[in-house]
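A.B. asks: You'll find target-v4.cif just under this line, and it carries mmCIF, C-alpha atoms.
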data_run
#
loop_
_atom_site.label_atom_id
_atom_site.label_comp_id
_atom_site.auth_asym_id
_atom_site.auth_seq_id
_atom_site.Cartn_x
_atom_site.Cartn_y
_atom_site.Cartn_z
CA MET A 1 -21.76 -71.72 -40.21
CA LYS A 2 -25.11 -73.41 -40.84
CA LYS A 3 -27.27 -73.98 -37.78
CA GLN A 4 -28.44 -77.49 -36.95
CA GLY A 5 -31.91 -78.22 -38.29
CA TYR A 6 -31.79 -75.71 -41.13
CA LEU A 7 -31.76 -76.86 -44.74
CA GLU A 8 -29.66 -74.14 -46.41
CA GLY A 9 -27.62 -75.66 -49.25
CA GLN A 10 -29.81 -78.76 -49.47
CA LEU A 11 -32.41 -79.91 -51.97
CA LEU A 12 -36.10 -80.24 -51.21
CA LEU A 13 -37.89 -82.96 -53.17
CA ALA A 14 -41.66 -82.71 -53.52
CA MET A 15 -43.40 -85.89 -52.45
CA PRO A 16 -45.84 -87.52 -54.87
CA GLY A 17 -49.29 -86.22 -54.18
CA MET A 18 -48.03 -82.69 -53.47
CA THR A 19 -51.29 -80.74 -53.13
CA ASP A 20 -49.91 -77.53 -54.66
CA PRO A 21 -49.61 -78.15 -58.43
CA ARG A 22 -46.95 -75.40 -58.71
CA PHE A 23 -44.57 -77.70 -56.83
CA ASP A 24 -45.51 -81.06 -58.37
CA HIS A 25 -42.30 -83.12 -58.75
CA SER A 26 -40.22 -80.05 -57.87
CA VAL A 27 -36.60 -80.08 -56.83
CA ILE A 28 -35.81 -76.90 -54.89
CA TYR A 29 -32.34 -75.70 -53.94
CA VAL A 30 -32.62 -74.01 -50.51
CA CYS A 31 -30.64 -70.75 -50.66
CA SER A 32 -31.43 -69.57 -47.15
CA HIS A 33 -33.22 -71.02 -44.13
CA ASN A 34 -33.39 -69.62 -40.64
CA GLU A 35 -35.88 -68.85 -37.87
CA GLU A 36 -37.51 -66.18 -40.06
CA GLY A 37 -38.29 -68.54 -42.95
CA ALA A 38 -36.76 -70.05 -46.05
CA MET A 39 -36.06 -69.13 -49.67
CA GLY A 40 -35.17 -71.44 -52.53
CA LEU A 41 -35.25 -71.91 -56.28
CA ILE A 42 -36.97 -74.65 -58.25
CA ILE A 43 -34.18 -76.09 -60.38
CA ASN A 44 -36.08 -78.56 -62.55
CA LYS A 45 -38.76 -76.46 -64.29
CA ARG A 46 -38.29 -74.31 -67.35
CA THR A 47 -40.13 -71.04 -67.91
CA THR A 48 -41.67 -70.54 -71.32
CA SER A 49 -42.70 -66.92 -70.77
CA ILE A 50 -39.40 -65.46 -72.01
CA ASP A 51 -36.06 -66.59 -73.45
CA PHE A 52 -32.56 -65.42 -72.54
CA LEU A 53 -32.08 -63.07 -75.49
CA SER A 54 -35.45 -61.41 -74.83
CA LEU A 55 -34.51 -61.02 -71.16
CA LEU A 56 -31.24 -59.32 -72.14
CA ASP A 57 -33.18 -57.05 -74.47
CA GLN A 58 -35.74 -56.15 -71.76
CA LEU A 59 -32.93 -55.27 -69.35
CA ASP A 60 -31.06 -53.24 -72.01
CA ILE A 61 -28.00 -55.48 -71.69
CA ASP A 62 -25.76 -55.09 -74.70
CA VAL A 63 -23.60 -58.04 -75.58
CA ASP A 64 -20.62 -58.34 -77.87
CA SER A 65 -21.81 -58.39 -81.47
CA ASP A 66 -20.30 -61.86 -81.94
CA LEU A 67 -22.31 -63.27 -79.04
CA GLY A 68 -25.34 -61.03 -79.29
CA ASP A 69 -26.54 -62.33 -82.62
CA SER A 70 -29.98 -63.89 -82.25
CA ASP A 71 -28.72 -66.83 -84.32
CA ASN A 72 -25.91 -67.48 -81.84
CA PRO A 73 -26.32 -71.10 -80.71
CA VAL A 74 -24.63 -70.49 -77.33
CA LEU A 75 -27.02 -67.74 -76.24
CA ASN A 76 -30.03 -69.51 -77.72
CA ARG A 77 -29.28 -72.59 -75.56
CA ILE A 78 -29.33 -70.67 -72.28
CA MET A 79 -32.45 -71.81 -70.48
CA LEU A 80 -34.49 -69.77 -68.02
CA HIS A 81 -36.01 -71.61 -65.08
CA ALA A 82 -39.26 -71.02 -63.21
CA GLY A 83 -37.73 -70.53 -59.75
CA GLY A 84 -41.05 -70.34 -57.96
CA PRO A 85 -44.34 -68.49 -57.70
CA VAL A 86 -43.05 -65.48 -55.70
CA GLU A 87 -41.90 -62.33 -57.56
CA ILE A 88 -41.82 -64.02 -60.97
CA GLY A 89 -40.54 -60.83 -62.57
CA ARG A 90 -37.36 -60.93 -60.49
CA GLY A 91 -34.29 -62.88 -61.56
CA PHE A 92 -31.92 -64.98 -59.48
CA ILE A 93 -28.79 -66.77 -60.65
CA LEU A 94 -27.77 -69.88 -58.73
CA HIS A 95 -24.20 -70.59 -59.73
CA SER A 96 -20.86 -72.19 -59.01
CA ALA A 97 -18.79 -70.29 -56.46
CA ASP A 98 -16.05 -69.52 -59.01
CA TYR A 99 -17.85 -66.21 -59.69
CA VAL A 100 -18.38 -63.85 -56.75
CA GLN A 101 -19.47 -60.20 -56.59
CA ASP A 102 -19.97 -57.98 -53.54
CA SER A 103 -23.69 -58.81 -53.62
CA THR A 104 -23.21 -62.58 -54.01
CA LEU A 105 -24.61 -64.80 -51.27
CA ILE A 106 -22.26 -67.73 -50.68
CA VAL A 107 -24.60 -70.63 -49.85
CA SER A 108 -22.07 -73.47 -49.65
CA GLU A 109 -18.42 -74.08 -50.48
CA THR A 110 -19.33 -74.67 -54.12
CA ILE A 111 -22.65 -72.88 -54.77
CA ALA A 112 -23.62 -69.21 -54.59
CA LEU A 113 -26.55 -66.94 -55.45
CA THR A 114 -26.40 -63.57 -57.23
CA ALA A 115 -29.34 -61.38 -58.25
CA THR A 116 -27.73 -58.52 -60.20
CA VAL A 117 -27.75 -57.51 -63.84
CA ASP A 118 -23.93 -57.66 -63.89
CA ILE A 119 -23.87 -61.45 -63.72
CA LEU A 120 -26.30 -61.67 -66.66
CA SER A 121 -23.98 -59.43 -68.68
CA ALA A 122 -21.03 -61.62 -67.72
CA ILE A 123 -22.90 -64.77 -68.76
CA ALA A 124 -23.88 -63.18 -72.08
CA ARG A 125 -20.21 -62.31 -72.74
CA GLY A 126 -19.06 -65.81 -71.80
CA GLU A 127 -17.31 -64.48 -68.67
CA GLY A 128 -19.75 -65.67 -66.01
CA PRO A 129 -19.60 -68.64 -63.66
CA GLN A 130 -18.82 -72.10 -65.01
CA ASP A 131 -22.19 -73.48 -63.92
CA TYR A 132 -25.40 -71.53 -63.44
CA ILE A 133 -29.18 -71.62 -63.38
CA ILE A 134 -31.05 -68.44 -64.27
CA ALA A 135 -34.39 -68.46 -62.48
CA LEU A 136 -37.33 -66.09 -62.59
CA GLY A 137 -39.19 -65.96 -59.29
CA TYR A 138 -38.47 -67.89 -56.12
CA SER A 139 -40.09 -70.19 -53.60
CA GLY A 140 -40.53 -68.79 -50.11
CA TRP A 141 -41.78 -69.89 -46.71
CA GLY A 142 -42.59 -67.84 -43.62
CA ALA A 143 -41.31 -68.61 -40.13
CA GLY A 144 -41.91 -72.28 -39.33
CA GLN A 145 -43.86 -72.92 -42.56
CA LEU A 146 -41.27 -75.17 -44.23
CA GLU A 147 -40.76 -77.14 -41.02
CA GLN A 148 -44.54 -77.69 -40.82
CA GLU A 149 -44.70 -78.83 -44.46
CA MET A 150 -41.85 -81.27 -43.81
CA GLN A 151 -43.70 -82.71 -40.81
CA GLN A 152 -46.72 -83.20 -43.09
CA ASN A 153 -44.47 -85.22 -45.44
CA SER A 154 -44.78 -82.74 -48.31
CA TRP A 155 -40.99 -82.65 -48.80
CA LEU A 156 -37.93 -84.84 -48.46
CA ASN A 157 -34.49 -83.29 -48.23
CA ILE A 158 -31.09 -84.39 -49.48
CA GLU A 159 -27.61 -82.90 -49.66
CA ALA A 160 -27.10 -81.00 -52.91
CA ASP A 161 -24.31 -81.77 -55.33
CA GLU A 162 -23.26 -79.76 -58.37
CA GLU A 163 -23.80 -82.64 -60.79
CA LEU A 164 -27.46 -82.93 -59.85
CA VAL A 165 -28.03 -79.16 -59.52
CA PHE A 166 -26.31 -77.93 -62.68
CA ARG A 167 -25.57 -80.82 -65.04
CA THR A 168 -28.58 -83.13 -64.92
CA ASP A 169 -31.44 -82.83 -67.44
CA LEU A 170 -34.53 -81.17 -65.95
CA GLU A 171 -36.79 -84.21 -66.22
CA LEU A 172 -34.16 -86.44 -64.55
CA LYS A 173 -33.42 -84.28 -61.50
CA TRP A 174 -36.38 -85.41 -59.38
CA PRO A 175 -36.05 -89.19 -59.99
CA ARG A 176 -32.25 -89.07 -59.61
CA ALA A 177 -32.49 -87.11 -56.37
CA MET A 178 -35.06 -89.61 -55.07
CA ALA A 179 -32.78 -92.47 -56.12
CA LYS A 180 -29.91 -90.88 -54.14
CA LEU A 181 -32.16 -91.21 -51.09
CA GLY A 182 -32.74 -94.86 -51.95
CA VAL A 183 -36.36 -94.22 -52.96
CA ASP A 184 -37.81 -96.12 -55.90
CA VAL A 185 -40.31 -93.59 -57.27
CA SER A 186 -42.31 -96.33 -58.98
CA LEU A 187 -43.19 -97.71 -55.54
CA LEU A 188 -44.36 -94.40 -54.06
CA SER A 189 -48.09 -94.01 -53.58
CA MET A 190 -49.78 -90.84 -54.74
CA ASP A 191 -52.40 -91.27 -52.01
CA SER A 192 -52.01 -90.09 -48.46
CA GLY A 193 -53.86 -91.39 -45.48
CA HIS A 194 -53.70 -92.25 -41.83
CA ALA A 195 -53.05 -95.60 -40.26
#
What is this file in structure tokens?

C.D. replies:
Amino acid sequence: MKKQGYLEGQLLLAMPGMTDPRFDHSVIYVCSHNEEGAMGLIINKRTTSIDFLSLLDQLDIDVDSDLGDSDNPVLNRIMLHAGGPVEIGRGFILHSADYVQDSTLIVSETIALTATVDILSAIARGEGPQDYIIALGYSGWGAGQLEQEMQQNSWLNIEADEELVFRTDLELKWPRAMAKLGVDVSLLSMDSGHA
């Protein structure tokens, strides 16, 4: 059971004027949050450093010859996300909870996280979870760091839903999440100050 005050299973929305350009207009799904810190994945930024087929090749993952063809439109459409600036060479798959392995972290009733090669093989064979985001790297905070950033108005938080997480175009995730909070992004100031 999630402890009061922790944001596990929620979305963090970067406020306009975020001072760290790596998180500008980011939407982050919080995978874990406790007294030791927090870990999440940016779900609205694509990585251009590698594509899915190249990732499979690097990891020596063989796929069925029907699916493994580099001209296969299904595999060519699988997008890799930039999950955050920490350990960018490490992969994480945020996915619907219809796919669970021994190493899967169940985050909510409907969303889970797996970081094994097996799930990539399953996705490549068309046997993986219904919905998924493959992210390279993650976003992390030390003890009390996320809470401090929230007090400084760097982030807003909102309950996550699968439609927004998995089935909304990247460029629409941030404004739609803000709209769910009732925030008109066109009225937000990029400047910060003190009254």

A.B. asks: One number please: atom CA of Ile42 of chain A to atom CA of Phe23 of chain A, in Å, one decimal.

C.D. replies: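 Interatomic distance, atom CA of Ile42 of chain A to atom CA of Phe23 of chain A: 8.3 Å.
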
A.B. asks: Hey, what comes out of the PyMOL selection byres ((chain A and resi 37) around 8) on this file? Could you write it as an NGL selection string?

C.D. replies: :A and (33-36 or 38-39 or 140-146)

A.B. asks: Applied to this file, what does the PyMOL selection byres ((chain A and resi 166) around 9) return in terms of residues, put as a ChimeraX atom specification?

C.D. replies: /A:43,95-96,131-133,161-165,167-169

A.B. asks: Taking only C-alpha atoms into account, which of A:Ile123, A:Ile106, A:Val86, A:Ile93 comes nearest Ile61 of chain A?

C.D. replies: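 Selected residue with least distance to Ile61 of chain A: A:Ile123.
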
A.B. asks: Between A:Leu7, A:Leu12, A:Ala179, A:Val30, which one has atoms that come closest to Asn153 of chain A, using all atoms listed in the file?

C.D. replies: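 Residue with the minimum atom-to-atom distance to Asn153 of chain A: A:Leu12.
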
A.B. asks: Restricting the calculation to all atoms listed in the file: of A:Glu8, A:Asp24, A:Asp60, A:Asp184, which residue gets closest to Val117 of chain A?

C.D. replies: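 Closest residue, counting all atoms listed in the file: A:Asp60.
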
A.B. asks: If we draw a sphere of 10 Å around (-25.9, -62.6, -60.1), which residues have at least one atom in it when counting all atoms listed in the file? Please report them as a VMD selection string.

C.D. replies: chain A and resid 91 to 95 99 to 105 112 to 123 128 to 129 132 134

A.B. asks: How many Å separate atom CA of Ile78 of chain A from atom CA of Leu53 of chain A?

C.D. replies: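 Value for the atom CA of Ile78 of chain A-atom CA of Leu53 of chain A distance: 8.7 Å.
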
A.B. asks: For atom CA of Ala14 of chain A and atom CA of Leu55 of chain A, quote the distance in Å rounded to one decimal.

C.D. replies: 28.9 Å

A.B. asks: Hey, what's within 9 Å of Arg90 of chain A if we count all atoms listed in the file and toss same-chain stuff fewer than 6 positions away? As a PyMOL selection string, please?

C.D. replies: chain A and resi 115+135-138
